[in-house]
Number of protein chains: 4
Amino acid sequence: MNTIKVGLIGVTGYTGMELTRLLACHPRMRLTLASSRSEAGKRLGDLYPFLEKLPGADVIISQPDARATAAACDLAFLAVPHKAAMEMAADLLEAGVKVVDLSADFRIHDPDVYEAWYSVPHTRSHLLAEAVYGLPELNAAATAGARLVANPGCYPSSVILGLRAALAHRLINPQGIIIDSKSGATGAGRKAAVPTLFCEVQDSFRAYNIGGKHRHTPEIEQELSLLAGTPVTVSFNPHLLPVNRGILSTIYATLANPATTLDEVHAAYMETWKDSPWVRVLPKGRLPETRYVRGTMFCDIGLAVDSRTGRLIVVSAIDNLCRGASGQALANANLMCGLPVDTGLTLAPAMP
Amino acid sequence: MNTIKVGLIGVTGYTGMELTRLLACHPRMRLTLASSRSEAGKRLGDLYPFLEKLPGADVIISQPDARATAAACDLAFLAVPHKAAMEMAADLLEAGVKVVDLSADFRIHDPDVYEAWYSVPHTRSHLLAEAVYGLPELNAAATAGARLVANPGCYPSSVILGLRAALAHRLINPQGIIIDSKSGATGAGRKAAVPTLFCEVQDSFRAYNIGGKHRHTPEIEQELSLLAGTPVTVSFNPHLLPVNRGILSTIYATLANPATTLDEVHAAYMETWKDSPWVRVLPKGRLPETRYVRGTMFCDIGLAVDSRTGRLIVVSAIDNLCRGASGQALANANLMCGLPVDTGLTLAPAMP
Amino acid sequence: MNTIKVGLIGVTGYTGMELTRLLACHPRMRLTLASSRSEAGKRLGDLYPFLEKLPGADVIISQPDARATAAACDLAFLAVPHKAAMEMAADLLEAGVKVVDLSADFRIHDPDVYEAWYSVPHTRSHLLAEAVYGLPELNAAATAGARLVANPGCYPSSVILGLRAALAHRLINPQGIIIDSKSGATGAGRKAAVPTLFCEVQDSFRAYNIGGKHRHTPEIEQELSLLAGTPVTVSFNPHLLPVNRGILSTIYATLANPATTLDEVHAAYMETWKDSPWVRVLPKGRLPETRYVRGTMFCDIGLAVDSRTGRLIVVSAIDNLCRGASGQALANANLMCGLPVDTGLTLAPAMP
Amino acid sequence: MNTIKVGLIGVTGYTGMELTRLLACHPRMRLTLASSRSEAGKRLGDLYPFLEKLPGADVIISQPDARATAAACDLAFLAVPHKAAMEMAADLLEAGVKVVDLSADFRIHDPDVYEAWYSVPHTRSHLLAEAVYGLPELNAAATAGARLVANPGCYPSSVILGLRAALAHRLINPQGIIIDSKSGATGAGRKAAVPTLFCEVQDSFRAYNIGGKHRHTPEIEQELSLLAGTPVTVSFNPHLLPVNRGILSTIYATLANPATTLDEVHAAYMETWKDSPWVRVLPKGRLPETRYVRGTMFCDIGLAVDSRTGRLIVVSAIDNLCRGASGQALANANLMCGLPVDTGLTLAPAMP
């Protein structure tokens, strides 16, 4: 059993930090390179005291460099902002390194859609065709053969997993879906900024980017359209929770047949997810809580049928950093390296 | 200027506690009686150390008693559970005391609806006709002349204020409304219970009673139906936030005319609320945060038009304890006693 | 009753923000000017949405200017960083405006001590002699006649109030005092910085600047020395709490007479504070909690005698923003303007 | 490699819950029995939804029974209240099961001291002589041969690890030590009670049981006395933090030689802990934060020398549930079963 050498480009954000945590306990992968423009030269354990006495602490942070990454690594994770990611990904692929890109740069198949939502030109659009949208439950086989994986967004992960069974079983009308999502503050990033200071978030709650303004909207629509077999438009509306981790999405859909019962919906969900190690369909009458998935790959799904209004309500909860970003990236890396998808990812939530 | 003597029946819950806070600073009212079965005999300042050296601290808690309340008070607040409230209210009225009931017992006009949702018979239904639904913005005149005011629920307050302008201006289809509400943990009450322990709520988020199961549903529907002039059915779905105070409701409605612009909606809201001291329609592009209304009577309203899906999204935020319960009760008491509605209630939020 | 016009130099920090809250409800003062280099030109209500529909919201923020301040105001609060404050204070005094300085610039009587701890020269040391250390319980009379008040630091306020009675009654040895203080995150300021982001503070706890490194040390020692009548050296050690507001200081002192009982200590504290509107000596066996003083001027004091080790342990709690900064500044302004010290400051804590 | 079968007596508290989490990921142990008087009959995964799809979820909770435990398990963890624990431990030992007792019942060597602090007679004092105080860094060899291990208390673990090097190197006077400890709310237990409701703890901070009243005092004194080789009396003072997990103890000791430098102290600590996998002595100038040890076995130690007052200040941080209770219990179980102490316990903290 050879150790797989992996690199991490971008260590200062929460997704980079989470990757250092997960890699520290991975039985087959070793972090051999970590890059950051602002922190180059520091020892990783000095930047992140929580890593001391764990694997990875002794890595010296380097300037991002594709050739050096290729020399040191079999695979690299890109935890840098969009736009920077597309360029670095292309360089790394050319240098012969497999890439899991945690940014949005290769998630959207249509570069025009990408440009409309992200306000930058896509300068490496020739790679879009080969990039696999890395939601393991949907695309494990393609991921296993890929050089480049576009790691899904956090909100989209919660929504796609939440709706897949309903769309597959044609339980709902794919039009008119409303998604009311709530995310922990790690989702807002680790940039120094007044609106995400402790005293601006603690003991408060807010909505943001509602009414179709959030960039995860086209990603959700692309994937739901594929699942539904028809173009889907959604209303996606995010909120900021005063918690570190966790996304809970409450999803409202019109039942295709208003007489559908909760029993029928529940049976369909159980059928879809019966062999999944990570998607947990809760017993009827139970609803998810973000703490139950904290720090893990689980997606917990609760179901309610509102017969008064003919709606199916799906509540899905994930950890935005682990399942919604770095853990999922690691699952994709496992697949790309020929390992079982859950290697190093059979994690139990820290409760409480 | 005579001092108005008020009593508080039920002091151990968060709404009773909040009333002691607000009354401590009221310039015209004085708390002369506080009752509680479990705490009778204690000095209020010993039960609530935060009240020491403030008006009310020296009140000795008594057993609830209608006649004693009548002897000591001009008006009484009922902060006891539903069912107990209806009986106590009747006794107090008979003894000649005006009553603001913070429970649900007199909010629902139709006793059959009440019994269906609250699972107890309404034993004082003869009082329903005279009970005024005490949302000051809707019913100030009736409240001023009332003996008995049914103080609105916290969630309904946020929803009714949030939708009033849209319904009055016929901007939305009154059918198909979805309400996704998030409440602070004071809304779950002050009973000793494992699910509301600190370590079960902190750093987590959950949905509960979704799919038309929450008891505030019929109250919301009753009042929206009156505003719309037609029977309204809503999908109301509450969630529990890891914050002490605050409700934020995200309300989804279909535009009556899909071409309606945000400018038009905003102008209509400004028109409806232009003379209100407490409802703040935010500038276009701004959204409410619960901290901005903490501890106050404000209801902050943010608006978004999602032209991609033809929907109006209203975000309304209140403090569930102050505006959503005890502050509103005090506003009603002000009206019933001939005082300006905002006496003692021009409160600035504690930020942060 | 004329309205007193006050100005606020520095509005973007938490102490400036808190002053806007307190002034919005002050019956005799009106905010007529607010200055900020970075926010000049904005309406205060646009900067701080929580202020809308309250007094002060319509003030247009101006560039700091002593002459303009003098033209518009009877008194100015300085909520700017140290060093900037000393210069602005001198200019304002020269222009004829009374000044309450919330910075540290005029707290330390000895400019050499100031320079040693703050690492800048004191360029306005001629004003030190007239500056009054504005702890109302100690210096109300001097404050009433002052042009310039040095508003005490947050930690020192909690410590001085906590130890005054013990020193006055000579219950403790003034040497060897250990102060273990814990502060809410507003104490760390409102500057955009990674270490005070929500996700870096929430669900965590840390010490900082321990071992005699915190700048409040000389201020504490100066005032305790005056109370003790002998030079006092303390060990002051601060910690950062994941709460918005509040300081709780646990203070360890050696009993002068190891046989002193809790009864004796408690009686001495009650005697010292019997006429104070804001200092609450808790009943024996009770200990303070920061929530009981949230948003108020109260200082709650709990006492324990550890007869096994011959120590008095004093626990004192204040709100760091209100009593520890802006509320105290307003109390000083009241005194300087001939108003009762508690005008606009009979505040009840928001519970919970 | 045989699987070791372990039982858990007491599952409803936070230490029992934490053991289910840690055992779910243990490579050599399997939870084969879980007992609880109140929850017997339920499936563990139904009681704890976070455990679903993880090892242990399918265990059916049974009534506590020593013989049934012996039949199903090689070793049992006792996570029940003191007093109940001593009786159950004796029964289990008699039935041939090794026992790790997480209660206080076998920590105190002298039954008279136990009875004085815990107010119950010690009915199984014949077992005290063989019970090993299970702090792995101190007593690994004895633990490896023990039938009965007394798992240390959470506060004592943080204090003993924090002071061991200073006492071993005779850097401090063992008398006059003051310990100011702050614990997360899981330390207060999972019993339904008003004082630990979310809204009573959130955004607040309090001291409790100060002045020598906390039951961990004699345990700390017993172990420090052994380390110092002389009887030690301490002043131990706990506080309650609004966080789920974590203890940070700030420990004040008088330097034996006031001229001792931080360099010397740091070198001594590094020497003592150089081979420990879990104790991390931070670089000079750094201080611990509870988040850095969250969910792990780490004890982080920061050091400061206050030369102005001749004191050494040690700041030690642990996770009260993992290192301070269930993780340490598992480390002891590893030793008792012949496994490396850190089997299943090389945990990386969840950050943030």
# chains A, B, ... in the order shown; residues from 1 in each chain; ligands from 1
$ select_by_dssp --residues "region 137-248 of chain B" --states "strand (DSSP E)" --output "PyMOL selection string"
chain B and resi 148-150+177-183+206-207+234-240+247-248
$ interface_residues --of "chain C" --to "chain B" --cutoff "6 Å" --atoms "only C-alpha atoms" --output "number ranges by chain"
C: 21, 50, 292, 348
$ atom_distance --atom1 "CA of Thr260 (chain D)" --atom2 "CA of Arg308 (chain D)"
12.0 Å
$ residues_around --residues "Ala76 (chain B)" --least-positions-apart "5" --cutoff "7 Å" --atoms "only C-alpha atoms" --output "list in words"
Val6, Gly7, Leu8, Val97, Lys98, Val99 and Val100 of chain B
$ closest_residue --among "B:Ala71, B:Ile318, B:Ile179, B:Ile4" --to "Leu339 (chain B)" --atoms "only C-alpha atoms"
B:Ile4
$ residues_around --residues "His82 (chain B)" --least-positions-apart "2" --cutoff "6 Å" --atoms "only C-alpha atoms" --output "PyMOL selection string"
chain B and resi 84-85+103-105
$ write_last_selection --atoms "N, CA and C atoms" --output "mmCIF file, in the first residue's frame"
data_model
loop_
_atom_site.group_PDB
_atom_site.id
_atom_site.type_symbol
_atom_site.label_atom_id
_atom_site.label_comp_id
_atom_site.auth_asym_id
_atom_site.auth_seq_id
_atom_site.Cartn_x
_atom_site.Cartn_y
_atom_site.Cartn_z
ATOM 1 N N ALA B 84 -55.324 27.433 31.172
ATOM 2 C CA ALA B 84 -55.343 28.144 32.452
ATOM 3 C C ALA B 84 -55.719 29.600 32.229
ATOM 4 N N ALA B 85 -55.275 30.155 31.111
ATOM 5 C CA ALA B 85 -55.497 31.576 30.854
ATOM 6 C C ALA B 85 -56.978 31.890 30.690
ATOM 7 N N SER B 103 -51.618 34.360 26.215
ATOM 8 C CA SER B 103 -51.784 32.998 25.695
ATOM 9 C C SER B 103 -52.593 33.039 24.406
ATOM 10 N N ALA B 104 -52.844 31.867 23.854
ATOM 11 C CA ALA B 104 -53.595 31.768 22.601
ATOM 12 C C ALA B 104 -55.103 31.706 22.807
ATOM 13 N N ASP B 105 -55.556 31.758 24.059
ATOM 14 C CA ASP B 105 -56.939 31.358 24.323
ATOM 15 C C ASP B 105 -58.008 32.237 23.687
#
$ atom_distance --atom1 "CA of Leu135 (chain A)" --atom2 "CA of Pro242 (chain A)"
27.0 Å
$ residues_around --residues "Glu221 (chain C)" --least-positions-apart "5" --cutoff "10 Å" --atoms "only C-alpha atoms" --output "count of residues only"
11
$ residues_around --residues "Thr123 (chain B)" --least-positions-apart "6" --cutoff "10 Å" --atoms "only C-alpha atoms" --output "ChimeraX atom specification"
/B:83,86-87,90,105,111
$ atom_distance --atom1 "CA of Val149 (chain D)" --atom2 "CA of Asn334 (chain D)"
11.7 Å
$ select_by_dssp --residues "region 63-164 of chain B" --states "helix (DSSP H, G or I)" --output "PyMOL selection string"
chain B and resi 66-72+84-94+111-118+125-127+136-144+154-164
